[in-house]
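Engineer: Mind having a look at this structure? Questions to follow.
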Amino acid sequence: MSNQSTPTKIAYVVNSLNLGGTETLVVQMSQALAGEYDITVLCLDEPGIWASDLRKKDIAVHCLWRQPGMDLRVSFRIASFCKQNRINIIHAHQCTPWFYSALSRLLNPEPRLLFEEHGRFYPEIENRNRAIFNSLALQPLTHRIVAVSEDVRRRLVRYEGLDSQRIEVVYNGVSPIATLTSEERSVLRVSLGIPQGAFLIGSVGRLDPIKNYPLLIESFSSLIHTHPQIFGIIAGDGPDMDSLRLQIKSLGLEDRFMLLGYRADARKIVQCLDLFILCSVSEGTSMALLEAMSAGVPVAVTEVGGNPEIVLRGETGWVVPSGAPVELTAAISEAVSAPATAQQYRYAAQKRYEANFSFDRMLENYRTLYDRLTCR
């Protein structure tokens, strides 16, 4: 926290406040730090569904209404807003907000700029011209660069041309989940249509191709005959909803695997699972994964992005190759058949969360960064 008598003014710059891990983190950080800092959120494209939640808590949300293509007027608007409101720090979340925020400092160099990269596109394509531009133009305008995992840090170096020595890793964190009682858990599972004694696997997240949920459904389908007690759910919404429904229908799984859509009670849904599965083809630091670990739910993840930095193979969960249905099926089968192993993993994962990925730990890291930025 700043030692100044007036709070440090911070502008979070994001694409929008619609559903997503980055957006969730921005909302949670804004709410948690609003008492210490003067927080404003600037959305490039549209306010998003969570904007009203922040506004109700007196956290300002403004939209810059970026137009398709490269809309350099956005940088003028950021510069103008920051000058008029005497913003001390711009915290740009992801590459596009960073691009416009960095260029805004050519017009108003007063704010300090922190760029945080949460995740990467898939597949990634090397673009030498972009990397050179980032290195020579945007990086000198940026005071701090943060990656949410070592994997993201390496990718910023390779694909964005950034100096590895200038990038520090700050893992995401989540606040502890209010634990459901066994009765509350049972009631919620029944409301979802899960029969008593079922082994429930599933996930929580945006229904996006990068999450590779078809792999989860495929692996589930191959197990229903050997493990008839398994049921599956995914909580979330997104562009893959229709295709996943078709896959479930084509496999004859309508009565065993459910797509719940967006759930405001997703943190409670996680606690209904007997195994949380994250089978992404690319990942930064998954908030849903950390929430599952904090709740003591056994986890299985693909070996991509920050996943193997969070889940230690054979110690805190199952780690399988990306796009490998046989290996994922084997992990699910072991979770069902070896409850002692699952119990061991869940305890170890919960301890690892408490030691490394708590929300308070993450906030303290950003407080330190903010204070360093304001100490000229």
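Labels used: A, B, ... for chains in the order of the structure tokens, numbers from 1 for residues in each chain, and numbers from 1 for ligands as shown.
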Skip Ile167 (chain A) itself and residues of its chain fewer than 2 positions away, then list as a VMD selection string all residues within 9 Å of it, counting only C-alpha atoms.
Structural biologist: chain A and resid 144 to 147 153 156 to 157 162 to 165 169
Engineer: Find the residues around Leu289 (chain A) up to 12 Å (only C-alpha atoms counted), leave out those fewer than 2 positions away in its own chain, and share them as a count of residues only.
Structural biologist: 45
Engineer: For Val26 (chain A), which of A:Val13, A:Leu207, A:Leu259, A:Ala340 is the closest residue, counting only C-alpha atoms?
Structural biologist: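 Selected residue with least distance to Val26 (chain A): A:Val13.
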Engineer: Given the choices A:Ile59, A:Val14, A:Leu54, A:Ala32, which gets closest to Gln94 (chain A) if the distance is worked out from only C-alpha atoms?
Structural biologist: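 Using only C-alpha atoms, Gln94 (chain A) sits closest to A:Val14.
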Engineer: Tell me which protein, DNA and RNA residues are within 12 Å of region 104-112 of chain A, counting only C-alpha atoms, leaving out same-chain ones fewer than 3 positions away, and put them as a VMD selection string.
Structural biologist: chain A and resid 8 to 11 13 72 to 92 97 to 101 115 137 to 145 369 to 376
Engineer: Between CA of Ser186 (chain A) and CA of Leu273 (chain A), what is the distance, to one decimal in Å?
Structural biologist: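 Going from CA of Ser186 (chain A) over to CA of Leu273 (chain A), I get 11.0 Å.
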Engineer: What does the structure give for the distance between CA of Gly236 (chain A) and CA of Ala266 (chain A), in Å to one decimal?
Structural biologist: 8.3 Å
Engineer: Need to verify the contact set: Val61 (chain A), 7 Å, only C-alpha atoms, exclusion of same-chain residues closer than 2 positions in sequence. Can you return it as a PyMOL selection string?
Structural biologist: chain A and resi 40-42+51+55+59+63
Engineer: Could you tell me how far CA of Leu25 (chain A) sits from CA of Ala288 (chain A), in Å to one decimal place?
Structural biologist: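 That distance, rounded to one decimal, is 11.1 Å.
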Engineer: From a backbone DSSP assignment, name each residue in region 146-329 of chain A labelled strand (DSSP E), as a PyMOL selection string.
Structural biologist: chain A and resi 146-147+167-169+199-204+230-235+257-261+275-278+299-302+318-320
